[in-house]
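Coordinates from input.txt are shown below (compact mmCIF, C-alpha atoms).
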# COMPACT_ATOMS: atom_id res chain seq x y z
CA MET Y 275 0.00 0.00 0.00
CA LEU Y 276 2.85 2.34 0.83
CA ASN Y 277 4.49 1.57 -2.51
CA VAL Y 278 1.29 2.44 -4.38
CA THR Y 279 1.00 5.73 -2.50
CA ALA Y 280 4.63 6.61 -3.21
CA ALA Y 281 4.16 5.83 -6.90
CA ALA Y 282 1.06 8.02 -7.08
CA PHE Y 283 2.91 10.87 -5.39
CA ALA Y 284 5.82 10.54 -7.84
CA ALA Y 285 3.38 10.65 -10.77
CA THR Y 286 1.66 13.85 -9.59
CA ASP Y 287 5.04 15.46 -8.86
CA PHE Y 288 6.52 14.60 -12.28
CA PHE Y 289 6.02 17.92 -14.07
CA THR Y 290 7.07 19.95 -11.02
CA ARG Y 291 10.55 18.46 -11.14
CA LEU Y 292 11.33 18.76 -14.86
CA PHE Y 293 14.31 20.98 -14.09
CA ASN Y 294 15.38 19.12 -10.94
CA ASP Y 295 17.89 16.35 -10.44
CA GLN Y 296 16.02 13.09 -10.94
CA SER Y 297 18.77 10.74 -9.78
CA GLU Y 298 16.92 10.05 -6.51
CA TYR Y 299 13.55 9.45 -8.15
CA ASN Y 300 12.06 6.36 -9.68
CA LEU Y 301 12.04 7.01 -13.42
CA ASP Y 302 8.96 4.96 -14.31
CA PHE Y 303 6.02 6.69 -15.98
CA PRO Y 304 2.74 5.30 -14.60
CA GLY Y 305 0.45 7.48 -16.70
CA VAL Y 306 -0.31 7.13 -20.40
CA GLY Y 307 -0.53 10.89 -20.71
CA LYS Y 308 2.98 11.40 -19.43
CA VAL Y 309 4.36 8.77 -21.81
CA LEU Y 310 2.66 10.46 -24.74
CA ALA Y 311 3.90 13.85 -23.53
CA CYS Y 312 7.51 12.67 -23.55
CA VAL Y 313 7.25 11.05 -26.98
CA GLY Y 314 5.24 13.96 -28.39
CA CYS Y 315 7.77 16.52 -27.21
CA ALA Y 316 10.55 14.42 -28.74
CA LEU Y 317 8.71 14.42 -32.08
CA VAL Y 318 8.22 18.19 -31.91
CA LEU Y 319 11.89 18.77 -31.17
CA GLY Y 320 12.89 16.40 -33.96
CA LEU Y 321 10.69 18.34 -36.36
CA LEU Y 322 12.26 21.62 -35.22
CA ILE Y 323 15.71 20.11 -35.78
CA ALA Y 324 14.60 19.19 -39.30
CA PHE Y 325 13.60 22.83 -39.93
CA VAL Y 326 16.99 24.02 -38.68
CA TYR Y 327 18.67 21.48 -40.98
CA MET Y 328 16.67 22.68 -43.99
CA PHE Y 329 17.52 26.31 -43.21
CA THR Y 330 21.26 25.67 -42.86
CA HIS Y 331 21.29 23.54 -46.05
CA ARG Y 332 19.08 25.78 -48.18
CA LYS Y 333 21.99 26.64 -50.50
CA THR Y 334 23.69 23.25 -50.71
CA GLY Y 335 20.50 21.20 -50.89
CA TYR Y 336 19.28 18.26 -48.84
CA ALA Y 337 17.47 14.95 -49.17
CA GLN Y 338 13.84 14.66 -48.13
CA SER Y 339 14.44 11.27 -46.57
CA TYR Y 340 17.15 12.72 -44.33
CA VAL Y 341 14.84 15.50 -43.12
CA LEU Y 342 12.02 13.07 -42.38
CA ALA Y 343 14.37 10.78 -40.50
CA MET Y 344 15.11 13.38 -37.78
CA PRO Y 345 11.68 13.59 -36.09
CA MET Y 346 11.26 9.84 -36.52
CA LEU Y 347 14.63 9.15 -34.93
CA SER Y 348 13.95 11.50 -32.03
CA GLY Y 349 10.55 9.94 -31.40
CA LEU Y 350 11.86 6.39 -31.65
CA VAL Y 351 14.70 7.04 -29.22
CA SER Y 352 12.29 8.61 -26.74
CA THR Y 353 9.89 5.68 -27.11
CA ILE Y 354 12.60 3.09 -26.48
CA ILE Y 355 13.81 4.85 -23.34
CA VAL Y 356 10.29 5.33 -21.94
CA MET Y 357 9.38 1.69 -22.57
CA MET Y 358 12.61 0.42 -21.05
CA CYS Y 359 11.96 2.55 -17.97
CA LEU Y 360 8.47 1.08 -17.67
CA LEU Y 361 9.82 -2.43 -18.07
CA ALA Y 362 12.81 -2.21 -15.79
CA ASN Y 363 11.21 0.15 -13.27
CA SER Y 364 14.66 1.49 -12.35
CA THR Y 365 17.57 3.54 -13.61
CA THR Y 366 19.00 0.33 -15.06
CA GLY Y 367 16.34 0.60 -17.75
CA VAL Y 368 17.59 4.04 -18.72
CA THR Y 369 21.15 2.78 -19.09
CA ALA Y 370 20.06 -0.17 -21.20
CA ALA Y 371 17.85 2.00 -23.39
CA ILE Y 372 20.56 4.55 -24.07
CA SER Y 373 23.02 1.78 -24.96
CA LEU Y 374 20.46 0.17 -27.28
CA THR Y 375 19.60 3.37 -29.15
CA GLY Y 376 23.29 4.25 -29.46
CA ALA Y 377 23.98 0.89 -31.09
CA PHE Y 378 21.09 1.38 -33.52
CA SER Y 379 22.28 4.85 -34.51
CA LEU Y 380 25.76 3.65 -35.40
CA VAL Y 381 24.60 0.94 -37.82
CA ARG Y 382 24.15 3.34 -40.74
CA PHE Y 383 27.38 5.25 -40.26
CA ARG Y 384 29.58 2.19 -39.74
CA SER Y 385 28.90 1.05 -43.31
CA ALA Y 386 28.92 4.35 -45.23
CA PRO Y 387 30.79 7.58 -44.50
CA GLY Y 388 28.82 10.77 -44.23
CA ASP Y 389 29.29 14.47 -43.82
CA PRO Y 390 30.28 15.13 -40.19
CA LYS Y 391 27.84 18.04 -40.06
CA ASP Y 392 24.99 15.79 -41.16
CA ILE Y 393 25.97 13.18 -38.58
CA SER Y 394 25.89 15.87 -35.90
CA TYR Y 395 22.23 16.56 -36.75
CA VAL Y 396 21.46 12.87 -36.30
CA LEU Y 397 23.14 12.93 -32.90
CA PHE Y 398 21.24 16.14 -32.11
CA ALA Y 399 17.93 14.38 -32.75
CA MET Y 400 19.05 11.40 -30.67
CA VAL Y 401 20.04 13.57 -27.74
CA MET Y 402 16.71 15.38 -27.77
CA GLY Y 403 14.88 12.05 -27.85
CA THR Y 404 16.99 10.77 -24.97
CA VAL Y 405 16.44 13.86 -22.80
CA CYS Y 406 12.69 13.78 -23.43
CA GLY Y 407 12.57 10.04 -22.80
CA ILE Y 408 13.96 10.33 -19.28
CA GLY Y 409 11.59 13.18 -18.43
CA PHE Y 410 13.70 16.32 -18.70
CA ILE Y 411 11.30 17.97 -21.14
CA GLY Y 412 12.05 21.50 -19.98
CA TYR Y 413 15.78 20.98 -20.29
CA ALA Y 414 15.27 19.49 -23.75
CA PHE Y 415 13.67 22.67 -25.09
CA VAL Y 416 16.30 24.88 -23.47
CA ILE Y 417 19.16 22.80 -24.89
CA PHE Y 418 17.50 22.76 -28.30
CA ALA Y 419 17.15 26.55 -28.31
CA ILE Y 420 20.84 27.02 -27.48
CA LEU Y 421 22.19 24.50 -30.00
CA ALA Y 422 19.79 25.55 -32.77
CA ALA Y 423 20.75 29.20 -32.31
CA LEU Y 424 24.44 28.30 -32.54
CA LEU Y 425 23.91 26.25 -35.71
CA ILE Y 426 21.98 29.06 -37.39
CA ILE Y 427 24.53 31.71 -36.37
CA PHE Y 428 27.44 29.58 -37.60
CA ASN Y 429 25.65 29.12 -40.92
CA LEU Y 430 24.85 32.82 -41.34
CA ILE Y 431 28.40 34.00 -40.61
CA ASN Y 432 29.93 31.11 -42.58
CA PHE Y 433 31.98 30.15 -39.55
CA ALA Y 434 35.28 28.31 -40.10
CA ALA Y 435 34.91 28.40 -43.89
CA PRO Y 436 38.26 27.62 -45.56
CA LYS Y 437 39.96 30.32 -47.60
CA THR Y 438 40.74 27.83 -50.36
CA GLN Y 439 38.85 25.06 -52.13
CA ASP Y 440 40.23 21.60 -52.77
CA MET Y 441 39.26 20.47 -56.26
CA THR Y 442 40.20 17.98 -58.92
CA LEU Y 443 41.24 19.14 -62.38
CA LYS Y 444 41.11 16.80 -65.39
CA VAL Y 445 42.80 17.97 -68.57
CA THR Y 446 42.76 16.05 -71.86
CA ILE Y 447 45.69 16.63 -74.22
CA PRO Y 448 46.75 15.10 -77.57
CA GLU Y 449 49.38 12.36 -77.43
CA ASN Y 450 52.01 14.46 -79.19
CA LEU Y 451 51.82 17.38 -76.71
CA ASN Y 452 54.53 17.55 -74.05
CA TYR Y 453 52.69 18.29 -70.82
CA ASN Y 454 55.77 18.74 -68.58
CA GLY Y 455 55.52 22.31 -67.24
CA LEU Y 456 52.87 23.22 -69.79
CA PHE Y 457 50.20 24.29 -67.28
CA ASP Y 458 52.48 25.40 -64.42
CA GLN Y 459 52.03 29.15 -64.92
CA VAL Y 460 48.25 28.92 -65.12
CA LEU Y 461 48.06 26.70 -62.05
CA ASP Y 462 50.32 29.01 -60.06
CA LYS Y 463 48.11 31.95 -61.03
CA TYR Y 464 44.78 30.47 -59.88
CA ALA Y 465 45.77 27.92 -57.21
CA THR Y 466 47.67 28.20 -53.94
CA ARG Y 467 49.06 24.70 -54.41
CA TRP Y 468 48.64 21.88 -56.90
CA LEU Y 469 49.98 18.44 -57.67
CA LEU Y 470 49.85 16.16 -60.70
CA ARG Y 471 48.27 12.99 -59.34
CA ARG Y 472 47.83 10.76 -62.38
CA VAL Y 473 48.54 10.51 -66.10
CA LYS Y 474 46.66 7.97 -68.20
CA THR Y 475 45.90 7.35 -71.84
CA THR Y 476 42.40 7.42 -73.33
CA GLU Y 477 40.78 6.80 -76.71
CA TYR Y 478 43.11 3.87 -77.48
CA GLY Y 479 46.21 5.89 -76.70
CA THR Y 480 45.42 8.85 -78.95
CA LEU Y 481 44.83 11.16 -75.98
CA PHE Y 482 46.31 11.69 -72.52
CA GLU Y 483 44.32 12.61 -69.42
CA LEU Y 484 46.08 14.56 -66.66
CA ILE Y 485 44.57 14.58 -63.19
CA TYR Y 486 45.62 17.35 -60.81
CA SER Y 487 44.67 18.00 -57.22
CA VAL Y 488 44.43 21.78 -56.93
CA CYS Y 489 43.71 24.13 -54.04
CA MET Y 490 41.90 27.01 -55.72
CA LYS Y 491 42.08 30.58 -54.45
CA THR Y 492 38.81 31.96 -53.13
CA ASP Y 493 38.85 34.90 -55.56
CA ALA Y 494 39.81 32.78 -58.57
CA ASP Y 495 37.61 33.08 -61.65
CA GLN Y 496 36.96 29.46 -62.58
CA LYS Y 497 35.77 30.29 -66.11
CA LYS Y 498 38.95 32.23 -66.92
CA PHE Y 499 40.98 29.44 -65.38
CA ILE Y 500 39.36 26.82 -67.62
CA ASP Y 501 39.63 29.08 -70.68
CA GLU Y 502 43.37 29.51 -70.18
CA ILE Y 503 43.77 25.75 -69.81
CA ARG Y 504 41.82 25.22 -73.03
CA THR Y 505 44.13 27.51 -74.97
CA LEU Y 506 47.03 25.27 -73.99
CA ASN Y 507 45.50 21.82 -74.50
CA GLY Y 508 44.09 22.35 -77.98
CA ASN Y 509 40.56 23.11 -76.76
CA LEU Y 510 40.02 19.53 -75.61
CA ASN Y 511 38.00 18.50 -72.56
CA VAL Y 512 38.72 20.23 -69.25
CA THR Y 513 36.86 19.12 -66.10
CA LEU Y 514 36.96 20.90 -62.73
CA VAL Y 515 35.07 19.08 -59.98
CA LEU Y 516 34.15 20.63 -56.64
CA TYR Y 517 35.72 18.02 -54.43
CA ARG Y 518 39.23 16.87 -54.00
CA TYR Y 519 39.10 13.47 -55.68
CA ASP Y 520 36.26 11.94 -57.63
CA ASP Y 521 37.88 8.52 -57.70
CA GLN Y 522 40.26 6.66 -55.43
CA ILE Y 523 43.87 7.49 -56.22
CA TYR Y 524 46.65 5.47 -54.65
CA ASN Y 525 50.06 6.99 -54.21
CA THR Y 526 52.57 4.31 -53.32
CA LYS Y 527 55.13 6.88 -52.23
CA GLU Y 528 52.85 8.08 -49.42
CA LYS Y 529 52.39 4.62 -47.94

structure tokens encoding of this file:
Amino acid sequence: MLNVTAAAFAATDFFTRLFNDQSEYNLDFPGVGKVLACVGCALVLGLLIAFVYMFTHRKTGYAQSYVLAMPMLSGLVSTIIVMMCLLANSTTGVTAAISLTGAFSLVRFRSAPGDPKDISYVLFAMVMGTVCGIGFIGYAFVIFAILAALLIIFNLINFAAPKTQDMTLKVTIPENLNYNGLFDQVLDKYATRWLLRRVKTTEYGTLFELIYSVCMKTDADQKKFIDEIRTLNGNLNVTLVLYRYDDQIYNTKEK
């Protein structure tokens, strides 16, 4: 009888201790309404995280599936933790739930690399689901407001943006053209550093393809850069891609 009374008192006192230390409390949730409140708040925070993600990626673009995954992930994490607390009826359930959701979240990123910034949004959604799941709903909204504001500010001021861009340059030349030092002056003019990474033949040996890794200057005019390359390679194909390497290149000297 005393246990039932204590449980009822803990249930009525739940929302009055959202910002208090809950280490001394029993973390079970006897009421359906409180369970739905925790999961619902997690879904709302996940949706808000998705809006922040769309705002910070409005120029670079984003995948719809990735945006939809954030509220779902936040809600699922919160649900797992709440259910484990109900089942275990102790803080042991919280520990097991957090370990379980952490293992689930790492499955995707163990098999395929991703942008660290995108992974941070996934962890953001997981953290919000975890905080809501253990009952700290007030703290969850406060933490979200702080982190979301930082993400938006960093995006608006272009924080930590590099002054140069790592790119890959592919230049096609005829087989009878000596490429040694041919493009050095143009590369020095538009790039802070560059390196010839690969030379290979194409079109049954009638053409050569040179692959450079270049670190372009921020104020470099890419069109003029390509035009000057074209005047030297006989107006053959010139490709400038916006990432460092578009295929795996092995350099045995660096091993």

(message) Neighbouring residues of region 482-487 of chain Y were defined as those with any atom within 6 Å, considering only C-alpha atoms; residues of the same chain fewer than 6 positions away were excluded. Please report them as a VMD selection string.
(response) chain Y and resid 442 to 447 449 468 to 476

Can you check which parts of region 381-478 of chain Y lie within 12 Å of region 499-516 of chain Y? Per residue, the shortest pair of atoms and distance in Å to one decimal, counting all atoms listed in the file, sorted by chain and number, as a tab-separated table.
residue	atom	partner	partner_atom	distance
Y:Thr438	CA	Y:Leu516	CA	11.6
Y:Gln439	CA	Y:Leu516	CA	7.9
Y:Asp440	CA	Y:Leu516	CA	7.3
Y:Met441	CA	Y:Leu516	CA	5.1
Y:Thr442	CA	Y:Val515	CA	5.4
Y:Leu443	CA	Y:Leu514	CA	4.6
Y:Lys444	CA	Y:Thr513	CA	4.9
Y:Val445	CA	Y:Val512	CA	4.7
Y:Thr446	CA	Y:Asn511	CA	5.4
Y:Ile447	CA	Y:Asn507	CA	5.2
Y:Pro448	CA	Y:Asn507	CA	7.5
Y:Glu449	CA	Y:Asn507	CA	10.6
Y:Asn450	CA	Y:Asn507	CA	10.9
Y:Leu451	CA	Y:Asn507	CA	8.0
Y:Asn452	CA	Y:Asn507	CA	10.0
Y:Tyr453	CA	Y:Asn507	CA	8.8
Y:Gly455	CA	Y:Leu506	CA	11.2
Y:Leu456	CA	Y:Leu506	CA	7.5
Y:Phe457	CA	Y:Ile503	CA	7.1
Y:Asp458	CA	Y:Ile503	CA	10.2
Y:Gln459	CA	Y:Glu502	CA	10.1
Y:Val460	CA	Y:Glu502	CA	7.1
Y:Leu461	CA	Y:Phe499	CA	8.3
Y:Asp462	CA	Y:Phe499	CA	10.8
Y:Lys463	CA	Y:Phe499	CA	8.7
Y:Tyr464	CA	Y:Phe499	CA	6.8
Y:Ala465	CA	Y:Phe499	CA	9.6
Y:Thr476	CA	Y:Asn511	CA	11.9

(request) Could you please determine the separation between CA of Gly320 (chain Y) and CA of Thr334 (chain Y) in Å, to one decimal place? (result) 21.1 Å

(request) Kindly give the distance, in Å, that separates CA of Leu360 (chain Y) and CA of Val306 (chain Y), rounded to a single decimal. (result) 11.0 Å

(request) Determine, counting all atoms listed in the file, which protein, DNA and RNA residues have an atom within 12 Å of an atom of Leu342 (chain Y); residues of the same chain fewer than 4 positions away are not included. Present the result as a ChimeraX atom specification. (result) /Y:317,320-325,327-328,336-338,346-349,396,399
